[in-house]
>>> print(open('data_5.json').read())   # JSON, C-alpha atoms and all ligand atoms
[["chain", "number", "residue", "atom", "x", "y", "z"],
["A", 1, "MET", "CA", 0.00, 0.00, 0.00],
["A", 2, "ILE", "CA", 1.23, 3.47, -0.73],
["A", 3, "THR", "CA", 0.06, 6.51, 1.17],
["A", 4, "ALA", "CA", -0.27, 9.69, -0.86],
["A", 5, "VAL", "CA", -0.88, 13.19, 0.40],
["A", 6, "THR", "CA", -0.46, 15.09, -2.87],
["A", 7, "THR", "CA", -2.36, 15.19, -6.15],
["A", 8, "ALA", "CA", 0.90, 14.46, -7.99],
["A", 9, "ALA", "CA", 1.48, 11.24, -6.03],
["A", 10, "VAL", "CA", -2.08, 10.10, -6.80],
["A", 11, "ALA", "CA", -1.60, 10.86, -10.51],
["A", 12, "SER", "CA", 1.62, 8.88, -10.56],
["A", 13, "TRP", "CA", -0.09, 5.85, -8.91],
["A", 14, "ARG", "CA", -3.02, 6.16, -11.34],
["A", 15, "ARG", "CA", -0.70, 6.10, -14.38],
["A", 16, "LYS", "CA", 0.97, 2.91, -13.14],
["A", 17, "THR", "CA", -2.29, 1.04, -12.44],
["A", 18, "VAL", "CA", -3.15, -1.16, -15.40],
["A", 19, "GLY", "CA", -6.48, -2.73, -14.40],
["A", 20, "LYS", "CA", -9.68, -1.20, -13.08],
["A", 21, "VAL", "CA", -9.46, 1.39, -10.35],
["A", 22, "VAL", "CA", -12.13, 1.09, -7.66],
["A", 23, "PHE", "CA", -12.45, 3.94, -5.19],
["A", 24, "VAL", "CA", -13.91, 4.18, -1.67],
["A", 25, "PRO", "CA", -14.19, 7.74, -0.31],
["A", 26, "THR", "CA", -14.32, 8.05, 3.50],
["A", 27, "MET", "CA", -13.79, 10.49, 6.34],
["A", 28, "GLY", "CA", -11.77, 7.93, 8.30],
["A", 29, "ALA", "CA", -12.43, 6.48, 11.78],
["A", 30, "LEU", "CA", -12.86, 3.30, 9.82],
["A", 31, "HIS", "CA", -15.04, 0.46, 11.10],
["A", 32, "SER", "CA", -16.39, -2.82, 9.74],
["A", 33, "GLY", "CA", -18.86, -0.93, 7.53],
["A", 34, "HIS", "CA", -16.00, 0.79, 5.72],
["A", 35, "ALA", "CA", -14.10, -2.54, 5.66],
["A", 36, "ALA", "CA", -17.06, -4.15, 3.86],
["A", 37, "LEU", "CA", -16.95, -1.39, 1.22],
["A", 38, "ILE", "CA", -13.21, -1.91, 0.78],
["A", 39, "GLN", "CA", -13.65, -5.70, 0.45],
["A", 40, "ARG", "CA", -16.31, -5.08, -2.19],
["A", 41, "ALA", "CA", -13.91, -2.72, -3.97],
["A", 42, "ARG", "CA", -11.17, -5.36, -3.82],
["A", 43, "ARG", "CA", -13.48, -7.93, -5.47],
["A", 44, "LEU", "CA", -14.58, -5.45, -8.14],
["A", 45, "ALA", "CA", -10.98, -4.45, -8.92],
["A", 46, "GLY", "CA", -9.75, -8.02, -9.28],
["A", 47, "LYS", "CA", -6.11, -8.90, -8.92],
["A", 48, "ASP", "CA", -4.84, -6.55, -11.66],
["A", 49, "GLY", "CA", -6.91, -3.61, -10.56],
["A", 50, "GLY", "CA", -6.21, -1.03, -7.88],
["A", 51, "VAL", "CA", -8.22, -0.15, -4.79],
["A", 52, "ALA", "CA", -7.99, 3.48, -3.69],
["A", 53, "VAL", "CA", -9.35, 4.75, -0.37],
["A", 54, "SER", "CA", -9.44, 8.40, 0.59],
["A", 55, "ILE", "CA", -9.57, 9.70, 4.14],
["A", 56, "PHE", "CA", -10.52, 13.35, 4.22],
["A", 57, "VAL", "CA", -12.64, 15.07, 6.84],
["A", 58, "ASN", "CA", -14.14, 17.56, 4.44],
["A", 59, "PRO", "CA", -14.76, 20.91, 6.15],
["A", 60, "THR", "CA", -17.21, 22.14, 3.50],
["A", 61, "GLN", "CA", -19.79, 19.48, 4.38],
["A", 62, "PHE", "CA", -19.90, 20.48, 8.05],
["A", 63, "GLY", "CA", -22.21, 23.28, 9.14],
["A", 64, "PRO", "CA", -21.03, 26.15, 11.37],
["A", 65, "SER", "CA", -22.72, 24.59, 14.42],
["A", 66, "GLU", "CA", -21.28, 21.11, 13.76],
["A", 67, "ASP", "CA", -18.01, 20.32, 15.47],
["A", 68, "LEU", "CA", -15.58, 19.52, 12.70],
["A", 69, "SER", "CA", -12.67, 19.47, 15.15],
["A", 70, "ARG", "CA", -14.41, 16.77, 17.23],
["A", 71, "TYR", "CA", -14.55, 14.32, 14.31],
["A", 72, "PRO", "CA", -12.35, 11.32, 15.26],
["A", 73, "ARG", "CA", -9.07, 10.94, 13.36],
["A", 74, "PRO", "CA", -7.42, 7.64, 14.45],
["A", 75, "ILE", "CA", -5.02, 7.62, 11.52],
["A", 76, "ARG", "CA", -2.74, 4.77, 12.61],
["A", 77, "ALA", "CA", -5.64, 2.35, 13.11],
["A", 78, "ASP", "CA", -7.18, 3.52, 9.81],
["A", 79, "ALA", "CA", -3.95, 2.89, 7.89],
["A", 80, "ALA", "CA", -3.62, -0.55, 9.51],
["A", 81, "LEU", "CA", -7.17, -1.48, 8.48],
["A", 82, "CYS", "CA", -6.54, -0.32, 4.91],
["A", 83, "ARG", "CA", -3.31, -2.32, 4.74],
["A", 84, "SER", "CA", -4.94, -5.48, 6.05],
["A", 85, "GLU", "CA", -7.84, -5.16, 3.57],
["A", 86, "GLY", "CA", -5.45, -4.99, 0.61],
["A", 87, "VAL", "CA", -5.84, -1.30, -0.25],
["A", 88, "ASP", "CA", -3.32, -0.19, -2.89],
["A", 89, "LEU", "CA", -3.56, 3.58, -2.48],
["A", 90, "LEU", "CA", -4.47, 5.48, 0.67],
["A", 91, "PHE", "CA", -5.02, 9.13, -0.19],
["A", 92, "ARG", "CA", -4.88, 11.47, 2.81],
["A", 93, "PRO", "CA", -4.83, 15.02, 1.48],
["A", 94, "ASP", "CA", -4.89, 18.03, 3.76],
["A", 95, "VAL", "CA", -7.34, 20.86, 3.26],
["A", 96, "ARG", "CA", -4.87, 22.99, 1.28],
["A", 97, "GLU", "CA", -4.27, 20.16, -1.16],
["A", 98, "MET", "CA", -8.01, 19.99, -1.89],
["A", 99, "TYR", "CA", -9.05, 23.65, -1.90],
["A", 100, "ALA", "CA", -7.28, 26.77, -3.13],
["A", 101, "SER", "CA", -7.43, 29.52, -0.51],
["A", 102, "ASP", "CA", -9.69, 31.52, -2.87],
["A", 103, "VAL", "CA", -11.70, 28.53, -4.20],
["A", 104, "SER", "CA", -14.87, 29.81, -5.87],
["A", 105, "VAL", "CA", -16.40, 26.87, -7.75],
["A", 106, "ALA", "CA", -18.64, 24.20, -6.23],
["A", 107, "VAL", "CA", -20.99, 21.46, -7.41],
["A", 108, "SER", "CA", -24.59, 21.84, -6.31],
["A", 109, "GLU", "CA", -27.36, 19.29, -6.70],
["A", 110, "LYS", "CA", -30.65, 21.14, -6.52],
["A", 111, "SER", "CA", -33.39, 18.59, -6.07],
["A", 112, "LEU", "CA", -32.66, 15.48, -3.97],
["A", 113, "SER", "CA", -30.40, 17.54, -1.72],
["A", 114, "LEU", "CA", -33.10, 19.84, -0.46],
["A", 115, "ARG", "CA", -34.88, 17.36, 1.78],
["A", 116, "PHE", "CA", -33.98, 15.27, 4.84],
["A", 117, "GLU", "CA", -30.24, 15.68, 5.58],
["A", 118, "GLY", "CA", -30.07, 18.68, 3.24],
["A", 119, "ALA", "CA", -32.91, 20.42, 5.10],
["A", 120, "GLU", "CA", -31.36, 19.60, 8.50],
["A", 121, "ARG", "CA", -27.85, 20.55, 7.34],
["A", 122, "PRO", "CA", -28.02, 23.36, 4.74],
["A", 123, "GLY", "CA", -25.10, 23.24, 2.30],
["A", 124, "HIS", "CA", -24.09, 19.73, 3.38],
["A", 125, "PHE", "CA", -24.63, 18.10, -0.01],
["A", 126, "ASP", "CA", -22.90, 20.93, -1.90],
["A", 127, "GLY", "CA", -19.87, 20.07, 0.21],
["A", 128, "VAL", "CA", -20.28, 16.35, -0.45],
["A", 129, "CYS", "CA", -20.79, 16.75, -4.22],
["A", 130, "THR", "CA", -17.87, 19.13, -4.58],
["A", 131, "VAL", "CA", -15.41, 16.96, -2.67],
["A", 132, "VAL", "CA", -16.54, 13.76, -4.40],
["A", 133, "ALA", "CA", -16.28, 15.44, -7.82],
["A", 134, "LEU", "CA", -12.76, 16.61, -6.91],
["A", 135, "LEU", "CA", -11.76, 13.14, -5.71],
["A", 136, "PHE", "CA", -13.21, 11.56, -8.87],
["A", 137, "GLN", "CA", -11.13, 13.98, -10.95],
["A", 138, "MET", "CA", -7.97, 13.14, -9.05],
["A", 139, "ILE", "CA", -8.36, 9.38, -8.79],
["A", 140, "ARG", "CA", -10.31, 8.78, -12.03],
["A", 141, "PRO", "CA", -11.81, 5.46, -10.89],
["A", 142, "GLU", "CA", -13.86, 3.18, -13.12],
["A", 143, "ILE", "CA", -16.05, 2.30, -10.13],
["A", 144, "ALA", "CA", -16.74, 4.03, -6.80],
["A", 145, "VAL", "CA", -18.32, 2.26, -3.82],
["A", 146, "PHE", "CA", -20.68, 4.09, -1.44],
["A", 147, "GLY", "CA", -22.62, 2.75, 1.53],
["A", 148, "GLU", "CA", -26.40, 2.52, 1.61],
["A", 149, "LYS", "CA", -26.05, 3.73, 5.19],
["A", 150, "ASP", "CA", -26.14, 7.25, 3.74],
["A", 151, "TRP", "CA", -29.00, 6.53, 1.35],
["A", 152, "GLN", "CA", -29.65, 10.14, 0.40],
["A", 153, "GLN", "CA", -25.95, 10.73, -0.24],
["A", 154, "LEU", "CA", -25.88, 7.70, -2.53],
["A", 155, "ALA", "CA", -28.92, 9.03, -4.44],
["A", 156, "VAL", "CA", -27.34, 12.50, -4.75],
["A", 157, "ILE", "CA", -24.03, 11.07, -5.98],
["A", 158, "ARG", "CA", -25.80, 8.90, -8.56],
["A", 159, "ARG", "CA", -27.60, 12.00, -9.78],
["A", 160, "MET", "CA", -24.36, 14.00, -9.98],
["A", 161, "VAL", "CA", -22.65, 11.22, -11.93],
["A", 162, "ARG", "CA", -25.61, 11.04, -14.30],
["A", 163, "ASP", "CA", -25.94, 14.79, -14.83],
["A", 164, "LEU", "CA", -22.23, 15.61, -15.10],
["A", 165, "LYS", "CA", -21.58, 12.44, -17.12],
["A", 166, "PHE", "CA", -18.74, 11.16, -14.99],
["A", 167, "PRO", "CA", -17.61, 7.90, -16.66],
["A", 168, "ILE", "CA", -17.86, 6.12, -13.31],
["A", 169, "ARG", "CA", -20.10, 3.30, -12.11],
["A", 170, "ILE", "CA", -21.50, 3.81, -8.62],
["A", 171, "ALA", "CA", -21.83, 0.61, -6.57],
["A", 172, "GLY", "CA", -24.08, 0.86, -3.49],
["A", 173, "HIS", "CA", -23.21, -1.45, -0.61],
["A", 174, "PRO", "CA", -25.73, -2.69, 2.01],
["A", 175, "ILE", "CA", -25.63, -1.34, 5.55],
["A", 176, "VAL", "CA", -23.38, -3.18, 7.99],
["A", 177, "ARG", "CA", -24.97, -3.44, 11.44],
["A", 178, "GLU", "CA", -24.05, -4.39, 14.97],
["A", 179, "GLU", "CA", -25.56, -7.68, 16.12],
["A", 180, "ASP", "CA", -28.36, -5.77, 17.84],
["A", 181, "GLY", "CA", -29.23, -3.96, 14.59],
["A", 182, "LEU", "CA", -27.60, -0.56, 15.14],
["A", 183, "ALA", "CA", -26.04, 0.64, 11.87],
["A", 184, "LEU", "CA", -22.28, 1.05, 12.29],
["A", 185, "SER", "CA", -21.17, 4.67, 12.25],
["A", 186, "SER", "CA", -18.03, 6.58, 13.19],
["A", 187, "ARG", "CA", -20.28, 8.68, 15.46],
["A", 188, "ASN", "CA", -21.57, 5.72, 17.53],
["A", 189, "ARG", "CA", -18.53, 6.05, 19.79],
["A", 190, "PHE", "CA", -20.04, 9.29, 21.11],
["A", 191, "LEU", "CA", -23.22, 7.56, 22.32],
["A", 192, "PRO", "CA", -23.56, 7.57, 26.13],
["A", 193, "ALA", "CA", -24.34, 4.09, 27.52],
["A", 194, "GLY", "CA", -28.04, 4.77, 28.07],
["A", 195, "ALA", "CA", -28.51, 6.08, 24.54],
["A", 196, "ARG", "CA", -26.49, 3.19, 23.11],
["A", 197, "ALA", "CA", -28.86, 0.77, 24.83],
["A", 198, "MET", "CA", -31.87, 2.48, 23.20],
["A", 199, "ALA", "CA", -30.29, 2.84, 19.72],
["A", 200, "PRO", "CA", -31.27, -0.63, 18.36],
["A", 201, "ARG", "CA", -34.90, 0.46, 18.62],
["A", 202, "ILE", "CA", -34.38, 2.54, 15.48],
["A", 203, "PHE", "CA", -33.76, -0.57, 13.38],
["A", 204, "GLN", "CA", -36.55, -2.39, 15.23],
["A", 205, "ALA", "CA", -38.98, 0.38, 14.22],
["A", 206, "LEU", "CA", -37.82, 0.14, 10.59],
["A", 207, "THR", "CA", -38.11, -3.65, 10.59],
["A", 208, "ALA", "CA", -41.61, -3.42, 12.06],
["A", 209, "ALA", "CA", -42.61, -1.04, 9.25],
["A", 210, "ALA", "CA", -41.18, -3.42, 6.62],
["A", 211, "MET", "CA", -43.07, -6.35, 8.17],
["A", 212, "GLU", "CA", -46.32, -4.37, 8.30],
["A", 213, "ALA", "CA", -45.78, -3.51, 4.63],
["A", 214, "GLU", "CA", -45.38, -7.22, 3.84],
["A", 215, "ALA", "CA", -48.67, -7.78, 5.61],
["A", 216, "GLY", "CA", -50.34, -5.29, 3.24],
["A", 217, "THR", "CA", -50.56, -2.14, 5.41],
["A", 218, "LYS", "CA", -50.78, 1.05, 3.33],
["A", 219, "HIS", "CA", -47.81, 3.38, 3.36],
["A", 220, "ALA", "CA", -49.53, 6.32, 5.07],
["A", 221, "SER", "CA", -50.23, 4.25, 8.16],
["A", 222, "LEU", "CA", -46.78, 2.68, 7.98],
["A", 223, "GLU", "CA", -45.27, 6.14, 8.15],
["A", 224, "ARG", "CA", -47.48, 7.10, 11.11],
["A", 225, "GLN", "CA", -46.54, 3.90, 12.91],
["A", 226, "LEU", "CA", -42.84, 4.45, 12.21],
["A", 227, "ARG", "CA", -42.95, 8.00, 13.61],
["A", 228, "ARG", "CA", -44.87, 6.81, 16.65],
["A", 229, "ASP", "CA", -42.39, 3.97, 17.35],
["A", 230, "LEU", "CA", -39.38, 6.25, 16.96],
["A", 231, "GLY", "CA", -41.01, 8.96, 19.09],
["A", 232, "ARG", "CA", -41.42, 6.42, 21.90],
["A", 233, "ILE", "CA", -37.71, 5.69, 22.21],
["A", 234, "PRO", "CA", -36.74, 7.19, 25.60],
["A", 235, "GLY", "CA", -34.56, 10.27, 25.16],
["A", 236, "ALA", "CA", -34.93, 10.35, 21.37],
["A", 237, "THR", "CA", -35.79, 13.38, 19.26],
["A", 238, "LEU", "CA", -37.15, 12.48, 15.85],
["A", 239, "ASN", "CA", -35.61, 14.60, 13.08],
["A", 240, "TYR", "CA", -37.49, 12.92, 10.25],
["A", 241, "ALA", "CA", -39.03, 9.60, 9.25],
["A", 242, "SER", "CA", -40.48, 9.22, 5.76],
["A", 243, "ILE", "CA", -41.20, 6.50, 3.26],
["A", 244, "VAL", "CA", -40.17, 7.77, -0.16],
["A", 245, "GLU", "CA", -39.45, 6.58, -3.68],
["A", 246, "GLU", "CA", -35.94, 5.16, -3.42],
["A", 247, "THR", "CA", -34.28, 7.02, -6.33],
["A", 248, "THR", "CA", -36.00, 10.40, -6.46],
["A", 249, "LEU", "CA", -36.65, 10.55, -2.69],
["A", 250, "GLU", "CA", -40.05, 12.04, -3.60],
["A", 251, "PRO", "CA", -43.14, 11.23, -1.54],
["A", 252, "LEU", "CA", -44.87, 8.10, -2.84],
["A", 253, "GLY", "CA", -47.65, 8.90, -5.27],
["A", 254, "ARG", "CA", -49.75, 6.13, -6.71],
["A", 255, "ILE", "CA", -48.21, 2.78, -5.75],
["A", 256, "THR", "CA", -47.67, 0.32, -8.60],
["A", 257, "SER", "CA", -45.90, -3.03, -8.73],
["A", 258, "GLN", "CA", -42.83, -1.07, -9.95],
["A", 259, "THR", "CA", -42.72, 1.26, -6.96],
["A", 260, "LYS", "CA", -39.55, 0.90, -4.92],
["A", 261, "ALA", "CA", -39.85, 2.46, -1.50],
["A", 262, "ARG", "CA", -37.35, 3.24, 1.23],
["A", 263, "ALA", "CA", -37.91, 4.44, 4.77],
["A", 264, "LEU", "CA", -35.40, 7.13, 5.74],
["A", 265, "VAL", "CA", -35.00, 8.13, 9.36],
["A", 266, "ALA", "CA", -32.84, 10.42, 11.48],
["A", 267, "VAL", "CA", -33.07, 10.39, 15.25],
["A", 268, "LYS", "CA", -31.08, 12.37, 17.79],
["A", 269, "LEU", "CA", -30.16, 10.22, 20.76],
["A", 270, "GLY", "CA", -27.71, 11.11, 23.55],
["A", 271, "GLY", "CA", -26.54, 14.13, 21.54],
["A", 272, "VAL", "CA", -25.72, 12.05, 18.44],
["A", 273, "ARG", "CA", -27.68, 12.12, 15.17],
["A", 274, "LEU", "CA", -28.25, 8.56, 14.01],
["A", 275, "LEU", "CA", -29.31, 7.84, 10.43],
["A", 276, "ASP", "CA", -30.84, 4.64, 9.21],
["A", 277, "ASN", "CA", -32.95, 3.37, 6.34],
["A", 278, "LEU", "CA", -34.60, 0.21, 5.07],
["A", 279, "ALA", "CA", -36.36, -1.05, 1.94],
["A", 280, "ILE", "CA", -40.14, -1.15, 2.37],
["A", 281, "PRO", "CA", -41.84, -3.79, 0.21],
["A", 282, "LEU", "CA", -45.16, -2.28, -0.84],
["A", 283, "GLY", "CA", -46.27, -4.96, -3.34],
["A", 284, "ASN", "CA", -48.81, -6.46, -0.95],
["A", 285, "SER", "CA", -50.43, -3.10, -0.24],
["A", 286, "LEU", "CA", -51.73, -3.03, -3.86],
["A", 287, "ALA", "CA", -54.49, -5.47, -3.06],
["A", 288, "PRO", "CA", -57.81, -3.62, -2.70],
["B", 1, "LIG", "P1", -17.98, 8.22, 6.10],
["B", 1, "LIG", "O1", -16.59, 7.91, 6.51],
["B", 1, "LIG", "O2", -18.95, 8.26, 7.24],
["B", 1, "LIG", "O3", -18.07, 9.42, 5.20],
["B", 1, "LIG", "O4", -18.46, 6.99, 5.23],
["B", 1, "LIG", "C1", -17.73, 6.57, 4.11],
["B", 1, "LIG", "C2", -18.54, 5.58, 3.35],
["B", 1, "LIG", "O5", -18.81, 4.44, 4.17],
["B", 1, "LIG", "C3", -19.91, 6.13, 2.90],
["B", 1, "LIG", "O6", -20.18, 5.66, 1.58],
["B", 1, "LIG", "C4", -20.84, 5.54, 3.92],
["B", 1, "LIG", "O7", -22.17, 5.39, 3.45],
["B", 1, "LIG", "C5", -20.20, 4.19, 4.15],
["B", 1, "LIG", "N1", -20.62, 3.61, 5.43],
["B", 1, "LIG", "C6", -20.52, 4.16, 6.66],
["B", 1, "LIG", "N2", -21.09, 3.36, 7.59],
["B", 1, "LIG", "C7", -21.55, 2.27, 6.94],
["B", 1, "LIG", "C8", -22.25, 1.09, 7.34],
["B", 1, "LIG", "N3", -22.59, 0.86, 8.60],
["B", 1, "LIG", "N4", -22.56, 0.19, 6.37],
["B", 1, "LIG", "C9", -22.26, 0.41, 5.07],
["B", 1, "LIG", "N5", -21.60, 1.50, 4.64],
["B", 1, "LIG", "C10", -21.26, 2.43, 5.55]]
>>> encode(input="data_5.json", output="structure tokens")
Amino acid sequence: MITAVTTAAVASWRRKTVGKVVFVPTMGALHSGHAALIQRARRLAGKDGGVAVSIFVNPTQFGPSEDLSRYPRPIRADAALCRSEGVDLLFRPDVREMYASDVSVAVSEKSLSLRFEGAERPGHFDGVCTVVALLFQMIRPEIAVFGEKDWQQLAVIRRMVRDLKFPIRIAGHPIVREEDGLALSSRNRFLPAGARAMAPRIFQALTAAAMEAEAGTKHASLERQLRRDLGRIPGATLNYASIVEETTLEPLGRITSQTKARALVAVKLGGVRLLDNLAIPLGNSLAP
């Protein structure tokens, strides 16, 4: 594995890589969820290809009230994980490498980004799109792997790739969870013990909604039930809980057998915002 901190070092690695380049962008504090993305990248790249991972805590996707400096940066452990997962290039730029001091161009997605995380965190997805576009330019991967954990981010990135015609395939990877159902996240380490004990109830509420959907319950009552269940978690503040079309993130209109629905939720628990989502099978709700 080589570690690069400059654009020139990345370019040099890219020139020498013969096979497919598969890229996994991260903010570090790597856990088994990131490891699963890297393993997927390794399989997609094959033995001739190259796996590139970036670790960059991108300031432009943090709001003024969010504590960028508190974001964990365990770089030794991160590098060790990358090495043991067979990463070829670890790209760890600093802020000056990514942004000119008078940077004045950004990428802005203007539809999917406005709701959910975008509404809670204005400007967040402009930051995400801009940094991902920059990283795509630098690394020029054939494939990039993103986690379904951040479902809205995945939808926004797919839209950016479509609209800006990046010649890159986006592979979405399923959410990796703790045994009790809590989705792995770099922020889970900040959960106080009491909140950690309550956190699996988020996935339980999602699973209950998916099971009710299987049983034929209509989506409006599923959404009500989901909000009620999440609202009952002791100490939790519900930011949002909606069942939407999985690609456009629009509210569900008329349900057909083609409709693909996803429940997206964000809950604040013990001072930590926890995101989760799950596919909601609506086929059985079509019956009159
Ligand atoms: P982050 O470091 O939080 O920016 O995440 C980097 C990538 O890892 C993103 O594509 C995330 O969606 C993905 N990711 C984070 N947590 C998980 C998880 N529990 N399961 C699957 N992917 C994840």
>>> residues_near_point(input="data_5.json", point="(-10.5, 7.6, -13.5)", cutoff="10 Å", atoms="only C-alpha atoms", output="list in words")
Ala11, Arg14, Arg15, Lys20, Val21, Val22, Phe23, Leu135, Phe136, Gln137, Met138, Ile139, Arg140, Pro141, Glu142, Ile143, Ala144, Phe166, Pro167 and Ile168 of chain A
>>> closest_residue(input="data_5.json", among="A:Ala220, A:Ala77, A:Ala266, A:Ala133", to="Ile157 (chain A)", atoms="only C-alpha atoms")
A:Ala133
>>> atom_distance(input="data_5.json", atom1="CA of Pro122 (chain A)", atom2="CA of Leu264 (chain A)")
17.9 Å
>>> residues_near_ligand(input="data_5.json", ligand="ligand LIG 1 (chain B)", cutoff="6 Å", atoms="all atoms listed in the file", output="PyMOL selection string")
chain A and resi 25-28+33-34+146-150+174-177+183-185
>>> closest_residue(input="data_5.json", among="A:Ala171, A:Val87, A:Val24, A:Ile75", to="Gly46 (chain A)", atoms="all atoms listed in the file")
A:Val87
>>> atom_distance(input="data_5.json", atom1="CA of Asn239 (chain A)", atom2="CA of Arg159 (chain A)")
24.4 Å
>>> closest_residue(input="data_5.json", among="A:Leu238, A:Val244, A:Ile280, A:Ala261", to="Glu212 (chain A)", atoms="only C-alpha atoms")
A:Ile280
>>> closest_residue(input="data_5.json", among="A:Gln258, A:Thr217, A:Thr6, A:Ser108", to="Gln61 (chain A)", atoms="all atoms listed in the file")
A:Ser108
>>> closest_residue(input="data_5.json", among="A:Glu109, A:Asp276, A:Asp229, A:Asp163", to="Val128 (chain A)", atoms="all atoms listed in the file")
A:Glu109
>>> closest_residue(input="data_5.json", among="A:Asp88, A:Asp78, A:Arg121, A:Asp48", to="Pro64 (chain A)", atoms="all atoms listed in the file")
A:Arg121
>>> atom_distance(input="data_5.json", atom1="CA of Val107 (chain A)", atom2="CA of Thr130 (chain A)")
4.8 Å
>>> residues_around(input="data_5.json", residues="Leu222 (chain A)", least_positions_apart="2", cutoff="12 Å", atoms="all atoms listed in the file", output="short mmCIF file (atom, residue, chain, number, x, y, z; two decimals) with C-alpha atoms, in the coordinates of the input")
data_model
loop_
_atom_site.label_atom_id
_atom_site.label_comp_id
_atom_site.auth_asym_id
_atom_site.auth_seq_id
_atom_site.Cartn_x
_atom_site.Cartn_y
_atom_site.Cartn_z
CA ALA A 205 -38.98 0.38 14.22
CA LEU A 206 -37.82 0.14 10.59
CA THR A 207 -38.11 -3.65 10.59
CA ALA A 208 -41.61 -3.42 12.06
CA ALA A 209 -42.61 -1.04 9.25
CA ALA A 210 -41.18 -3.42 6.62
CA MET A 211 -43.07 -6.35 8.17
CA GLU A 212 -46.32 -4.37 8.30
CA ALA A 213 -45.78 -3.51 4.63
CA GLU A 214 -45.38 -7.22 3.84
CA ALA A 215 -48.67 -7.78 5.61
CA GLY A 216 -50.34 -5.29 3.24
CA THR A 217 -50.56 -2.14 5.41
CA LYS A 218 -50.78 1.05 3.33
CA HIS A 219 -47.81 3.38 3.36
CA ALA A 220 -49.53 6.32 5.07
CA ARG A 224 -47.48 7.10 11.11
CA GLN A 225 -46.54 3.90 12.91
CA LEU A 226 -42.84 4.45 12.21
CA ARG A 227 -42.95 8.00 13.61
CA ARG A 228 -44.87 6.81 16.65
CA ASP A 229 -42.39 3.97 17.35
CA ALA A 241 -39.03 9.60 9.25
CA SER A 242 -40.48 9.22 5.76
CA ILE A 243 -41.20 6.50 3.26
CA VAL A 244 -40.17 7.77 -0.16
CA ALA A 261 -39.85 2.46 -1.50
CA ARG A 262 -37.35 3.24 1.23
CA ALA A 263 -37.91 4.44 4.77
CA ILE A 280 -40.14 -1.15 2.37
CA PRO A 281 -41.84 -3.79 0.21
CA LEU A 282 -45.16 -2.28 -0.84
CA SER A 285 -50.43 -3.10 -0.24
#
>>> residues_near_point(input="data_5.json", point="(-27.9, 4.6, 23.4)", cutoff="10 Å", atoms="only C-alpha atoms", output="MDAnalysis selection string")
chainID A and resid 182 188 190:201 233:236 269:272
>>> build_atoms(input="data_5.json", residues="region 103-116 of chain A", atoms="N, CA and C atoms", output="PDB file, keeping the file's coordinate frame")
ATOM      1  N   VAL A 103     -10.823  29.418  -3.406  1.00  0.00           N
ATOM      2  CA  VAL A 103     -11.700  28.530  -4.200  1.00  0.00           C
ATOM      3  C   VAL A 103     -13.078  29.183  -4.380  1.00  0.00           C
ATOM      4  N   SER A 104     -13.601  29.105  -5.610  1.00  0.00           N
ATOM      5  CA  SER A 104     -14.870  29.810  -5.870  1.00  0.00           C
ATOM      6  C   SER A 104     -15.823  29.000  -6.744  1.00  0.00           C
ATOM      7  N   VAL A 105     -15.524  27.719  -6.937  1.00  0.00           N
ATOM      8  CA  VAL A 105     -16.400  26.870  -7.750  1.00  0.00           C
ATOM      9  C   VAL A 105     -16.837  25.686  -6.888  1.00  0.00           C
ATOM     10  N   ALA A 106     -18.123  25.352  -6.984  1.00  0.00           N
ATOM     11  CA  ALA A 106     -18.640  24.200  -6.230  1.00  0.00           C
ATOM     12  C   ALA A 106     -19.676  23.480  -7.081  1.00  0.00           C
ATOM     13  N   VAL A 107     -19.963  22.246  -6.709  1.00  0.00           N
ATOM     14  CA  VAL A 107     -20.990  21.460  -7.410  1.00  0.00           C
ATOM     15  C   VAL A 107     -22.220  21.438  -6.503  1.00  0.00           C
ATOM     16  N   SER A 108     -23.372  21.734  -7.112  1.00  0.00           N
ATOM     17  CA  SER A 108     -24.590  21.840  -6.310  1.00  0.00           C
ATOM     18  C   SER A 108     -25.705  21.031  -6.965  1.00  0.00           C
ATOM     19  N   GLU A 109     -26.212  20.065  -6.232  1.00  0.00           N
ATOM     20  CA  GLU A 109     -27.360  19.290  -6.700  1.00  0.00           C
ATOM     21  C   GLU A 109     -28.607  19.967  -6.116  1.00  0.00           C
ATOM     22  N   LYS A 110     -29.594  20.216  -6.956  1.00  0.00           N
ATOM     23  CA  LYS A 110     -30.650  21.140  -6.520  1.00  0.00           C
ATOM     24  C   LYS A 110     -32.012  20.501  -6.312  1.00  0.00           C
ATOM     25  N   SER A 111     -32.075  19.184  -6.270  1.00  0.00           N
ATOM     26  CA  SER A 111     -33.390  18.590  -6.070  1.00  0.00           C
ATOM     27  C   SER A 111     -33.377  17.626  -4.864  1.00  0.00           C
ATOM     28  N   LEU A 112     -32.693  16.488  -5.039  1.00  0.00           N
ATOM     29  CA  LEU A 112     -32.660  15.480  -3.970  1.00  0.00           C
ATOM     30  C   LEU A 112     -32.052  16.026  -2.685  1.00  0.00           C
ATOM     31  N   SER A 113     -31.165  17.023  -2.861  1.00  0.00           N
ATOM     32  CA  SER A 113     -30.400  17.540  -1.720  1.00  0.00           C
ATOM     33  C   SER A 113     -31.200  18.422  -0.799  1.00  0.00           C
ATOM     34  N   LEU A 114     -32.383  18.831  -1.238  1.00  0.00           N
ATOM     35  CA  LEU A 114     -33.100  19.840  -0.460  1.00  0.00           C
ATOM     36  C   LEU A 114     -33.824  19.261   0.742  1.00  0.00           C
ATOM     37  N   ARG A 115     -34.065  17.954   0.728  1.00  0.00           N
ATOM     38  CA  ARG A 115     -34.880  17.360   1.780  1.00  0.00           C
ATOM     39  C   ARG A 115     -34.003  16.649   2.830  1.00  0.00           C
ATOM     40  N   PHE A 116     -34.627  16.121   3.845  1.00  0.00           N
ATOM     41  CA  PHE A 116     -33.980  15.270   4.840  1.00  0.00           C
ATOM     42  C   PHE A 116     -32.652  15.857   5.339  1.00  0.00           C
TER      43      PHE A 116
END
